[in-house]
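Have a look at query_11.cif; it's mmCIF, C-alpha atoms:
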data_work
#
loop_
_atom_site.label_atom_id
_atom_site.label_comp_id
_atom_site.auth_asym_id
_atom_site.auth_seq_id
_atom_site.Cartn_x
_atom_site.Cartn_y
_atom_site.Cartn_z
CA MET A 6 80.16 25.18 98.29
CA THR A 7 82.56 22.27 98.76
CA LEU A 8 82.93 19.88 101.63
CA PRO A 9 86.70 19.24 101.60
CA SER A 10 87.16 16.59 104.28
CA PHE A 11 83.99 14.72 103.38
CA SER A 12 84.76 14.97 99.64
CA ARG A 13 88.23 13.52 100.11
CA ALA A 14 86.90 10.66 102.24
CA TRP A 15 84.10 9.92 99.77
CA ILE A 16 86.52 9.86 96.83
CA GLN A 17 88.79 7.53 98.82
CA PHE A 18 85.83 5.24 99.44
CA ALA A 19 84.75 5.39 95.79
CA SER A 20 88.30 4.62 94.74
CA LEU A 21 88.30 1.38 96.72
CA ILE A 22 85.07 0.24 95.09
CA TRP A 23 86.09 1.46 91.62
CA GLN A 24 89.40 -0.42 91.80
CA GLY A 25 87.61 -3.67 92.59
CA HIS A 26 87.93 -3.75 96.36
CA PRO A 27 85.91 -6.75 97.62
CA THR A 28 82.37 -5.52 98.29
CA GLU A 29 81.95 -8.15 101.01
CA ASN A 30 83.51 -5.52 103.26
CA PHE A 31 80.48 -3.33 102.54
CA PRO A 32 77.57 -5.81 102.81
CA GLU A 33 74.90 -3.12 102.95
CA LEU A 34 75.84 -1.52 99.64
CA ASP A 35 73.39 -1.57 96.77
CA GLN A 36 74.82 -3.80 94.02
CA GLN A 37 73.42 -1.75 91.10
CA TRP A 38 75.04 1.32 92.55
CA ILE A 39 78.38 -0.51 92.84
CA ILE A 40 78.16 -1.47 89.15
CA TRP A 41 77.47 2.16 88.23
CA LEU A 42 80.33 3.36 90.42
CA ARG A 43 82.81 0.95 88.84
CA GLN A 44 81.75 2.12 85.38
CA THR A 45 82.32 5.75 86.29
CA GLY A 46 85.79 7.23 86.20
CA LEU A 47 87.21 8.71 89.38
CA GLU A 48 87.97 11.92 87.53
CA SER A 49 84.27 12.58 86.93
CA LEU A 50 83.46 11.67 90.52
CA GLN A 51 86.00 14.16 91.83
CA LYS A 52 84.67 16.81 89.47
CA VAL A 53 81.15 16.40 90.86
CA TRP A 54 82.26 16.48 94.48
CA LEU A 55 84.71 19.35 94.30
CA ASN A 56 82.58 21.40 91.88
CA PRO A 57 78.99 20.54 92.82
CA PRO A 58 76.39 21.06 90.09
CA SER A 59 74.21 24.09 90.61
CA LEU A 60 70.54 23.72 91.43
CA PRO A 61 68.14 23.56 88.50
CA LEU A 62 66.33 26.81 87.82
CA GLN A 63 63.63 27.30 90.46
CA THR A 64 60.17 27.31 88.95
CA GLN A 65 57.32 29.35 90.34
CA PRO A 66 54.50 27.20 91.70
CA THR A 67 51.16 27.36 89.93
CA SER A 68 48.67 29.91 91.26
CA PRO A 69 46.52 27.31 93.09
CA THR A 70 49.63 26.01 94.88
CA LEU A 71 50.79 29.56 95.62
CA LYS A 72 47.40 30.37 97.14
CA LYS A 73 47.31 27.07 98.99
CA TYR A 74 50.48 27.85 100.94
CA SER A 75 50.00 31.59 101.40
CA GLU A 76 50.19 33.38 104.74
CA ASP A 77 46.38 33.42 104.79
CA SER A 78 46.26 29.62 104.95
CA ILE A 79 48.54 29.36 108.01
CA CYS A 80 46.44 28.24 110.97
CA PHE A 81 49.22 27.55 113.50
CA GLU A 82 52.89 28.49 113.81
CA LEU A 83 55.80 27.94 116.17
CA GLU A 84 58.04 30.88 115.37
CA GLY A 85 61.33 29.79 113.88
CA LEU A 86 60.45 26.09 113.62
CA VAL A 87 57.20 25.10 111.94
CA LYS A 88 54.12 26.35 110.07
CA LEU A 89 50.81 24.54 109.69
CA TYR A 90 48.68 25.20 106.61
CA LYS A 91 44.98 24.37 106.43
CA ILE A 92 43.37 23.32 103.15
CA SER A 93 39.62 22.73 103.27
CA PRO A 94 37.68 20.38 100.97
CA SER A 95 35.79 22.02 98.15
CA GLY A 96 32.79 19.72 98.42
CA THR A 97 31.04 17.62 101.05
CA SER A 98 33.13 16.93 104.13
CA SER A 99 34.10 13.35 104.93
CA ASN A 100 34.43 14.13 108.66
CA GLN A 101 38.06 13.01 108.40
CA ALA A 102 41.18 15.16 108.64
CA VAL A 103 44.69 14.45 107.31
CA LEU A 104 47.99 15.83 108.62
CA LEU A 105 50.81 15.79 106.03
CA VAL A 106 54.29 15.95 107.59
CA ALA A 107 56.91 17.23 105.15
CA PRO A 108 60.58 16.25 105.49
CA CYS A 109 62.68 18.97 107.12
CA SER A 110 64.60 19.40 103.85
CA HIS A 111 61.61 20.46 101.71
CA GLN A 112 58.80 22.97 101.48
CA ALA A 113 55.16 21.98 101.87
CA SER A 114 54.79 22.17 98.07
CA ILE A 115 56.73 18.88 97.80
CA PHE A 116 53.25 17.33 98.07
CA ASP A 117 52.21 19.16 94.88
CA LEU A 118 54.95 18.31 92.40
CA ASN A 119 52.59 18.81 89.49
CA PRO A 120 48.90 19.70 89.02
CA GLU A 121 47.99 16.12 88.02
CA GLY A 122 49.91 14.66 90.94
CA SER A 123 48.92 16.89 93.84
CA LEU A 124 48.41 14.85 97.00
CA THR A 125 46.58 17.68 98.75
CA GLU A 126 44.19 18.05 95.80
CA ALA A 127 43.51 14.30 95.79
CA LEU A 128 42.73 14.27 99.52
CA THR A 129 40.52 17.37 99.53
CA SER A 130 38.60 16.05 96.51
CA LEU A 131 37.62 13.09 98.72
CA GLY A 132 36.19 15.51 101.28
CA HIS A 133 39.11 15.38 103.74
CA GLU A 134 40.29 18.46 105.57
CA VAL A 135 44.06 18.67 105.03
CA TYR A 136 46.71 20.20 107.30
CA VAL A 137 50.27 20.47 105.96
CA LEU A 138 53.20 20.78 108.35
CA GLU A 139 56.22 22.66 106.96
CA TRP A 140 59.53 23.12 108.78
CA ILE A 141 61.04 26.60 108.77
CA THR A 142 64.63 27.27 107.72
CA PRO A 143 66.19 30.31 106.07
CA ASN A 144 65.28 30.28 102.37
CA ALA A 145 68.22 32.48 101.43
CA LEU A 146 71.71 32.15 102.82
CA PRO A 147 74.66 34.50 102.19
CA SER A 148 77.63 33.24 100.19
CA SER A 149 79.33 32.33 103.46
CA ALA A 150 76.41 30.05 104.35
CA SER A 151 78.60 27.29 105.68
CA THR A 152 79.87 29.46 108.51
CA THR A 153 76.89 31.77 109.01
CA PRO A 154 75.86 31.29 112.65
CA ILE A 155 72.38 30.03 113.41
CA GLU A 156 70.25 32.81 114.86
CA PRO A 157 70.97 32.56 118.61
CA THR A 158 67.47 33.70 119.54
CA ASN A 159 66.02 30.60 117.90
CA PRO A 160 66.35 27.89 120.58
CA TYR A 161 64.79 25.24 118.32
CA LEU A 162 67.89 25.16 116.10
CA VAL A 163 70.58 25.80 118.71
CA VAL A 164 69.87 23.97 121.97
CA PRO A 165 70.55 20.23 121.68
CA PRO A 166 69.14 17.73 121.38
CA LEU A 167 67.42 19.25 118.35
CA TRP A 168 65.57 15.98 117.73
CA VAL A 169 63.44 16.59 120.82
CA ASN A 170 62.39 20.01 119.52
CA TYR A 171 61.07 18.51 116.28
CA ARG A 172 59.29 15.75 118.19
CA ASN A 173 57.65 18.21 120.59
CA ALA A 174 56.65 20.47 117.71
CA ILE A 175 54.65 17.65 116.13
CA ARG A 176 53.15 16.77 119.50
CA GLU A 177 52.16 20.40 120.13
CA ILE A 178 50.51 20.52 116.70
CA LEU A 179 48.60 17.30 117.45
CA SER A 180 47.42 18.80 120.73
CA TRP A 181 46.35 21.99 118.92
CA LEU A 182 44.54 19.94 116.26
CA HIS A 183 42.62 18.06 118.94
CA LYS A 184 41.13 21.34 120.14
CA ALA A 185 40.62 22.70 116.64
CA LEU A 186 38.85 19.57 115.39
CA ASN A 187 36.68 19.39 118.51
CA ASN A 188 35.67 23.03 118.07
CA ALA A 189 34.84 22.45 114.42
CA ALA A 190 32.82 19.36 115.36
CA SER A 191 33.33 18.09 111.82
CA SER A 192 36.22 15.62 111.95
CA SER A 193 35.95 12.34 113.77
CA ARG A 194 39.49 11.08 113.18
CA LEU A 195 42.90 12.40 112.17
CA HIS A 196 45.07 10.48 109.71
CA ILE A 197 48.80 11.24 109.55
CA MET A 198 50.97 10.96 106.44
CA GLY A 199 54.73 11.48 106.57
CA LEU A 200 57.01 11.81 103.53
CA CYS A 201 60.54 10.43 103.80
CA LEU A 202 62.06 11.87 106.99
CA GLY A 203 58.63 13.32 107.79
CA GLY A 204 57.45 9.74 108.28
CA VAL A 205 60.31 9.05 110.68
CA LEU A 206 59.53 12.23 112.63
CA ALA A 207 55.88 11.17 112.85
CA ILE A 208 56.78 7.70 114.18
CA ASP A 209 59.04 9.27 116.80
CA ALA A 210 56.39 11.78 117.93
CA LEU A 211 53.70 9.10 118.22
CA THR A 212 55.76 6.46 120.03
CA SER A 213 58.31 8.33 122.16
CA GLU A 214 58.18 7.57 125.87
CA GLU A 215 60.32 10.57 126.79
CA PRO A 216 58.72 13.23 129.03
CA SER A 217 56.87 15.87 127.05
CA PRO A 218 54.43 18.71 127.79
CA TYR A 219 52.14 17.12 125.20
CA SER A 220 51.17 13.54 126.01
CA PRO A 221 49.23 11.22 123.66
CA ALA A 222 46.19 11.85 125.86
CA SER A 223 46.07 15.37 124.38
CA PHE A 224 46.06 14.11 120.79
CA PRO A 225 42.92 13.72 118.67
CA PRO A 226 41.74 10.18 117.82
CA ILE A 227 44.28 9.01 115.24
CA GLY A 228 42.88 6.66 112.62
CA SER A 229 46.03 5.69 110.73
CA LEU A 230 49.66 6.46 109.94
CA THR A 231 50.81 6.45 106.31
CA LEU A 232 54.50 6.28 105.40
CA LEU A 233 55.46 7.72 102.01
CA SER A 234 58.90 6.65 100.73
CA THR A 235 60.13 6.31 104.32
CA LEU A 236 63.39 4.62 105.31
CA LEU A 237 62.85 2.39 108.37
CA ASP A 238 65.90 0.13 108.62
CA TYR A 239 68.98 2.27 108.05
CA ARG A 240 71.26 -0.75 107.69
CA THR A 241 69.47 -1.83 104.53
CA SER A 242 71.23 -1.91 101.18
CA SER A 243 71.30 1.51 99.49
CA PRO A 244 73.83 4.00 98.13
CA LEU A 245 73.57 5.82 101.47
CA SER A 246 75.01 2.74 103.17
CA CYS A 247 78.43 4.12 102.28
CA LEU A 248 77.91 6.25 105.40
CA HIS A 249 78.52 3.11 107.47
CA TRP A 250 82.18 3.11 106.38
CA PRO A 251 84.02 4.50 109.46
CA PRO A 252 86.45 6.88 107.63
CA LEU A 253 83.58 8.37 105.63
CA GLN A 254 81.35 8.53 108.69
CA ASN A 255 84.04 10.32 110.72
CA ALA A 256 84.74 12.75 107.88
CA LEU A 257 81.04 13.60 107.63
CA LYS A 258 80.84 14.15 111.38
CA LYS A 259 83.84 16.48 111.17
CA THR A 260 82.33 18.39 108.27
CA LEU A 261 78.89 18.78 109.86
CA SER A 262 80.47 19.87 113.16
CA SER A 263 82.14 22.77 111.36
CA LEU A 264 78.96 24.00 109.64
CA SER A 265 75.85 25.83 110.75
CA TRP A 266 73.72 25.30 107.65
CA ILE A 267 73.76 22.88 104.74
CA PRO A 268 72.54 24.77 101.66
CA ALA A 269 69.94 23.06 99.47
CA SER A 270 72.43 23.13 96.58
CA THR A 271 74.85 20.93 98.52
CA ILE A 272 72.11 18.40 99.30
CA TYR A 273 71.23 18.37 95.61
CA SER A 274 74.82 17.69 94.52
CA PHE A 275 75.15 14.93 97.14
CA CYS A 276 72.03 13.19 95.84
CA SER A 277 73.15 13.72 92.23
CA VAL A 278 76.06 11.40 92.90
CA LEU A 279 74.16 8.91 95.06
CA MET A 280 71.27 8.67 92.59
CA PRO A 281 72.73 8.65 89.04
CA SER A 282 70.14 9.55 86.44
CA HIS A 283 69.83 6.10 84.87
CA LEU A 284 68.85 4.66 88.25
CA THR A 285 66.11 7.22 88.95
CA VAL A 286 62.89 8.48 87.41
CA PRO A 287 63.83 11.12 84.78
CA SER A 288 63.74 14.68 86.16
CA ALA A 289 62.88 13.42 89.67
CA LEU A 290 65.94 15.08 91.19
CA SER A 291 65.14 18.32 89.40
CA LEU A 292 61.56 18.34 90.71
CA TRP A 293 62.71 17.37 94.18
CA SER A 294 65.39 20.06 94.35
CA GLN A 295 62.98 22.85 93.44
CA GLN A 296 61.21 22.41 96.77
CA GLY A 297 64.51 22.14 98.69
CA LEU A 298 65.25 23.95 101.94
CA ASN A 299 68.51 24.65 103.73
CA VAL A 300 69.06 22.23 106.61
CA SER A 301 70.49 22.79 110.07
CA ALA A 302 73.91 21.08 110.15
CA PRO A 303 73.71 20.27 113.90
CA PHE A 304 70.37 18.56 113.26
CA ALA A 305 71.86 16.60 110.34
CA LEU A 306 74.66 15.47 112.66
CA GLU A 307 72.07 14.18 115.13
CA LEU A 308 70.32 12.30 112.31
CA LEU A 309 73.57 10.60 111.36
CA GLU A 310 74.14 9.53 114.96
CA ALA A 311 70.54 8.44 115.63
CA PHE A 312 69.85 6.50 112.45
CA TYR A 313 72.96 5.48 110.53
CA ILE A 314 74.94 4.68 113.66
CA LYS A 315 72.32 3.63 116.24
CA ASN A 316 69.44 2.71 113.88
CA ILE A 317 67.00 3.79 116.58
CA LEU A 318 63.76 2.86 114.79
CA ILE A 319 64.85 -0.79 114.91
CA ASN A 320 67.05 -0.97 118.00
CA PRO A 321 65.69 -0.03 121.44
CA THR A 322 67.80 2.39 123.44
CA PRO A 323 69.37 1.06 126.67
CA SER A 324 66.67 2.75 128.75
CA LYS A 325 63.76 1.38 126.68
CA SER A 326 62.35 -2.12 126.54
CA CYS A 327 61.38 -2.01 122.87
CA SER A 328 61.94 0.01 119.70
CA PRO A 329 59.67 2.80 118.38
CA LEU A 330 58.30 0.50 115.64
CA LYS A 331 57.41 -2.12 118.23
CA ARG A 332 55.39 0.54 120.11
CA LEU A 333 53.25 1.51 117.11
CA ASN A 334 49.56 0.85 117.81
CA ILE A 335 47.95 2.69 114.88
CA PRO A 336 46.89 1.01 111.60
CA LEU A 337 49.76 1.47 109.15
CA TYR A 338 49.64 2.14 105.40
CA ALA A 339 52.88 2.38 103.41
CA VAL A 340 53.62 3.62 99.90
CA ALA A 341 57.00 2.70 98.40
CA GLY A 342 58.86 2.40 95.10
CA LEU A 343 60.61 -0.72 93.86
CA ASN A 344 63.32 1.51 92.33
CA ASP A 345 63.70 3.85 95.30
CA ARG A 346 67.42 4.47 95.93
CA LEU A 347 67.08 6.60 99.08
CA ALA A 348 64.52 4.45 100.91
CA PRO A 349 64.91 0.95 99.43
CA ILE A 350 61.91 -1.33 99.64
CA HIS A 351 63.89 -3.87 101.69
CA SER A 352 64.25 -1.20 104.37
CA LEU A 353 60.46 -0.97 104.59
CA PHE A 354 59.94 -4.73 104.89
CA ASN A 355 62.78 -5.09 107.41
CA GLY A 356 61.18 -2.36 109.52
CA LEU A 357 57.69 -3.86 109.32
CA HIS A 358 58.98 -7.06 110.89
CA HIS A 359 59.61 -5.00 114.04
CA CYS A 360 56.01 -3.77 114.27
CA PRO A 361 53.46 -5.56 116.51
CA LYS A 362 52.26 -8.77 114.85
CA ASP A 363 48.58 -7.83 115.20
CA LEU A 364 49.00 -4.32 113.72
CA PRO A 365 46.86 -3.83 110.57
CA ILE A 366 49.30 -3.06 107.75
CA ARG A 367 48.58 -2.44 104.07
CA LEU A 368 51.09 -1.72 101.30
CA SER A 369 51.03 0.00 97.93
CA ILE A 370 54.27 -0.78 96.12
CA PHE A 371 54.92 0.78 92.70
CA GLU A 372 57.53 0.30 90.02
CA SER A 373 58.96 3.77 90.51
CA GLY A 374 61.55 5.73 92.46
CA HIS A 375 61.61 7.83 95.64
CA LEU A 376 59.30 10.59 94.46
CA LYS A 377 56.96 9.30 91.83
CA CYS A 378 55.41 6.50 93.90
CA PHE A 379 53.50 8.83 96.25
CA LEU A 380 51.98 10.99 93.50
CA PRO A 381 48.30 9.99 93.53
CA ASN A 382 47.62 10.00 89.80
CA THR A 383 50.85 8.48 88.50
CA LYS A 384 50.03 5.79 85.95
CA ILE A 385 52.53 3.15 86.99
CA ARG A 386 52.21 -0.55 87.66
CA GLY A 387 51.73 -1.32 91.32
CA TYR A 388 50.92 -3.94 93.93
CA GLN A 389 48.40 -3.45 96.73
CA ASP A 390 47.60 -5.88 99.52
CA ASN A 391 47.65 -6.41 103.27
CA TRP A 392 50.96 -7.50 104.81
CA HIS A 393 51.14 -10.46 107.17
CA GLY A 394 54.82 -10.75 108.01
CA GLU A 395 56.01 -11.89 104.57
CA SER A 396 59.39 -11.24 103.01
CA THR A 397 59.62 -8.73 100.16
CA LYS A 398 59.81 -11.49 97.54
CA LYS A 399 56.93 -13.51 98.96
CA TRP A 400 54.65 -10.50 99.33
CA LEU A 401 55.31 -9.29 95.78
CA SER A 402 54.65 -12.78 94.40
CA LYS A 403 51.17 -12.95 95.94
CA ALA A 404 50.04 -9.29 95.92
CA PRO A 405 47.58 -8.52 93.12
CA ALA A 406 48.84 -6.13 90.46
CA PRO A 407 46.18 -3.49 89.71
CA HIS A 408 45.59 -1.71 86.43
CA ALA A 409 47.92 1.16 85.66
CA SER A 410 45.25 3.74 86.46
CA THR A 411 44.78 2.57 90.06
CA SER A 412 45.44 5.33 92.59
CA TRP A 413 46.88 4.44 95.96
CA VAL A 414 44.85 7.31 97.46
CA ASP A 415 41.60 5.61 96.44
CA ASP A 416 42.85 2.34 97.92
CA TRP A 417 43.88 4.14 101.13
CA ASN A 418 40.53 5.93 101.34
CA HIS A 419 38.67 2.60 101.22
CA TRP A 420 41.11 1.03 103.72
CA ILE A 421 40.63 3.73 106.40
CA LYS A 422 36.87 3.16 106.31
CA ILE A 423 37.25 -0.48 107.32
CA ASN A 424 39.96 0.04 109.93
#

Once you've parsed the file, please lay out its structure as structure tokens.
Amino acid sequence: MTLPSFSRAWIQFASLIWQGHPTENFPELDQQWIIWLRQTGLESLQKVWLNPPSLPLQTQPTSPTLKKYSEDSICFELEGLVKLYKISPSGTSSNQAVLLVAPCSHQASIFDLNPEGSLTEALTSLGHEVYVLEWITPNALPSSASTTPIEPTNPYLVVPPLWVNYRNAIREILSWLHKALNNAASSSRLHIMGLCLGGVLAIDALTSEEPSPYSPASFPPIGSLTLLSTLLDYRTSSPLSCLHWPPLQNALKKTLSSLSWIPASTIYSFCSVLMPSHLTVPSALSLWSQQGLNVSAPFALELLEAFYIKNILINPTPSKSCSPLKRLNIPLYAVAGLNDRLAPIHSLFNGLHHCPKDLPIRLSIFESGHLKCFLPNTKIRGYQDNWHGESTKKWLSKAPAPHASTSWVDDWNHWIKIN
């Protein structure tokens, strides 16, 4: 699939940078990415955009993962929008439950990229009951996917604003979990973890002041919110900041307005250009793409408007007195990578400055990219400490660097006991 108008606009943008156009006109752009772009010929860029690389061969998940996300493990479902899987601990219960919120572009198995790095396995081994939220989109699209209409009987993906449907889905699940955990009489608190856009969706669901059938009063006691590779300030330097360039932004709007679905292969080719291999963890894109889902184009258009244009996590809307981050009142834990190209670490720190000053915040920052930092058993150098309003540079200079074998999950597990 090609995206003609967007491709032409992107190549035009790349041409300006490649030819030495002053980058002061694009202050948000990542400097390493600019260097890479200027070292790459326009011919190869055009080849990638107009003939997107095909997805890596899909690999079958291991049998434990396959069993973990089988129909038998679904405990709640909103037809056409979301499934909730339940994974019980194998040993003694900790009386704590964890809700993992996947990004809308990936299957639940994104949390289990490899047997040694399974987040669900790490959490259940600590005695936590784990619930995994997975968004539903068509797994297979016909060759004419770009113009295939969205099923009209599915109001979640048709009736705007779609953002509200995702928010209310999370809120309905939280309300359902409150009843389920009370009935089980085994879990005292629920901890929420959101990966990438899943973290943004979780923040929105927890802080929104818009009318909803499911108010926070119907939620279970929430002990903490953990953000995994989550972009908070969308004006922060990154390759994706090219979307702030008006011609490119308008072209993307035009393209998305003409589509119904964005196939996973197109998302993969887009990220292949934005995250060149020498700037990412080897094979990260391949692993990431294997859990990819097709994405609703109207929803993607809303994301562009809400975040890249309005930056709503940071900026309050005209009808609200403060931003969603300012309304957070739950202890916050964040896991991020120093080499993350999609959710740069500066975006995290910029966003944290908008949180309440008395909010307990702890960080685990690793020398890795977008994916590898949240894998619990990855042996990479990291920094773990509480955050007290410091800048990125100041925090990294004082935060203790643990041994390579330190797991952020173990650090998180200790932290939730004292908060």

- request: For atom CA of A:Ile175 and atom CA of A:Ala302, determine how far apart the two atoms are, in Å to one decimal place.
  value: 20.5 Å

message: Residues within 8 Å of A:Ala348, please, as a ChimeraX atom specification. Count only C-alpha atoms; anything in the same chain fewer than 6 positions from it doesn't count.
response: /A:201,234-237,243,375

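All polymer residues at most 10 Å from (77.1, 11.1, 112.6), using all atoms listed in the file, appear as Leu248, His249, Leu253, Gln254, Asn255, Ala256, Leu257, Lys258, Lys259, Thr260, Leu261, Ser262, Pro303, Ala305, Leu306, Glu307, Leu308, Leu309, Glu310, Ala311, Phe312, Tyr313, Ile314 and Lys315 of chain A.
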
Could the residues in this selection be written to a file with C-alpha atoms, as an mmCIF file, in the coordinates of the input?
data_model
loop_
_atom_site.group_PDB
_atom_site.id
_atom_site.type_symbol
_atom_site.label_atom_id
_atom_site.label_comp_id
_atom_site.auth_asym_id
_atom_site.auth_seq_id
_atom_site.Cartn_x
_atom_site.Cartn_y
_atom_site.Cartn_z
ATOM 1 C CA LEU A 248 77.910 6.250 105.400
ATOM 2 C CA HIS A 249 78.520 3.110 107.470
ATOM 3 C CA LEU A 253 83.580 8.370 105.630
ATOM 4 C CA GLN A 254 81.350 8.530 108.690
ATOM 5 C CA ASN A 255 84.040 10.320 110.720
ATOM 6 C CA ALA A 256 84.740 12.750 107.880
ATOM 7 C CA LEU A 257 81.040 13.600 107.630
ATOM 8 C CA LYS A 258 80.840 14.150 111.380
ATOM 9 C CA LYS A 259 83.840 16.480 111.170
ATOM 10 C CA THR A 260 82.330 18.390 108.270
ATOM 11 C CA LEU A 261 78.890 18.780 109.860
ATOM 12 C CA SER A 262 80.470 19.870 113.160
ATOM 13 C CA PRO A 303 73.710 20.270 113.900
ATOM 14 C CA ALA A 305 71.860 16.600 110.340
ATOM 15 C CA LEU A 306 74.660 15.470 112.660
ATOM 16 C CA GLU A 307 72.070 14.180 115.130
ATOM 17 C CA LEU A 308 70.320 12.300 112.310
ATOM 18 C CA LEU A 309 73.570 10.600 111.360
ATOM 19 C CA GLU A 310 74.140 9.530 114.960
ATOM 20 C CA ALA A 311 70.540 8.440 115.630
ATOM 21 C CA PHE A 312 69.850 6.500 112.450
ATOM 22 C CA TYR A 313 72.960 5.480 110.530
ATOM 23 C CA ILE A 314 74.940 4.680 113.660
ATOM 24 C CA LYS A 315 72.320 3.630 116.240
#

field: Interatomic distance (Å, one decimal) between atom CA of A:Phe354 and atom CA of A:Ser396
entry: 6.8 Å

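Across A:Leu83, A:Ile141, A:Leu333, A:Ile421, the tightest approach to A:Val103 is made by A:Ile421 when counting all atoms listed in the file.
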
What's the 6 Å shell around stretch 204-212 of chain A, counting only C-alpha atoms, without same-chain residues fewer than 2 positions away, as a compact mmCIF listing (two decimals) with C-alpha atoms, keeping the file's coordinate frame?
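Here's the written file out_18.txt:
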# COMPACT_ATOMS: atom_id res chain seq x y z
CA ARG A 172 59.29 15.75 118.19
CA GLY A 199 54.73 11.48 106.57
CA LEU A 200 57.01 11.81 103.53
CA CYS A 201 60.54 10.43 103.80
CA LEU A 202 62.06 11.87 106.99
CA LEU A 232 54.50 6.28 105.40
CA THR A 235 60.13 6.31 104.32
CA PRO A 329 59.67 2.80 118.38
CA ARG A 332 55.39 0.54 120.11

task: Check what the PyMOL selection byres ((chain A and resi 344) around 9) selects in the file above and give those residues as a ChimeraX atom specification.
output: /A:284-286,341-343,345-346,349-350,371-375

- prompt: Interatomic distance between atom CA of A:Gln101 and atom CA of A:Asp117?
  reply: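 Between atom CA of A:Gln101 and atom CA of A:Asp117 the gap works out to 20.5 Å.
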
message: Assuming the chain letters and numbering stay as they are in my file, what does the PyMOL selection byres ((chain A and resi 238) around 6) actually select? List them as a VMD selection string.
response: chain A and resid 237 239 to 241 352 356

task: Quick one: everything within 9 Å of stretch 93-96 of chain A, counting only C-alpha atoms, minus sequence neighbours fewer than 6 positions away in the same chain. Send it as a PyMOL selection string.
output: chain A and resi 126+128-136
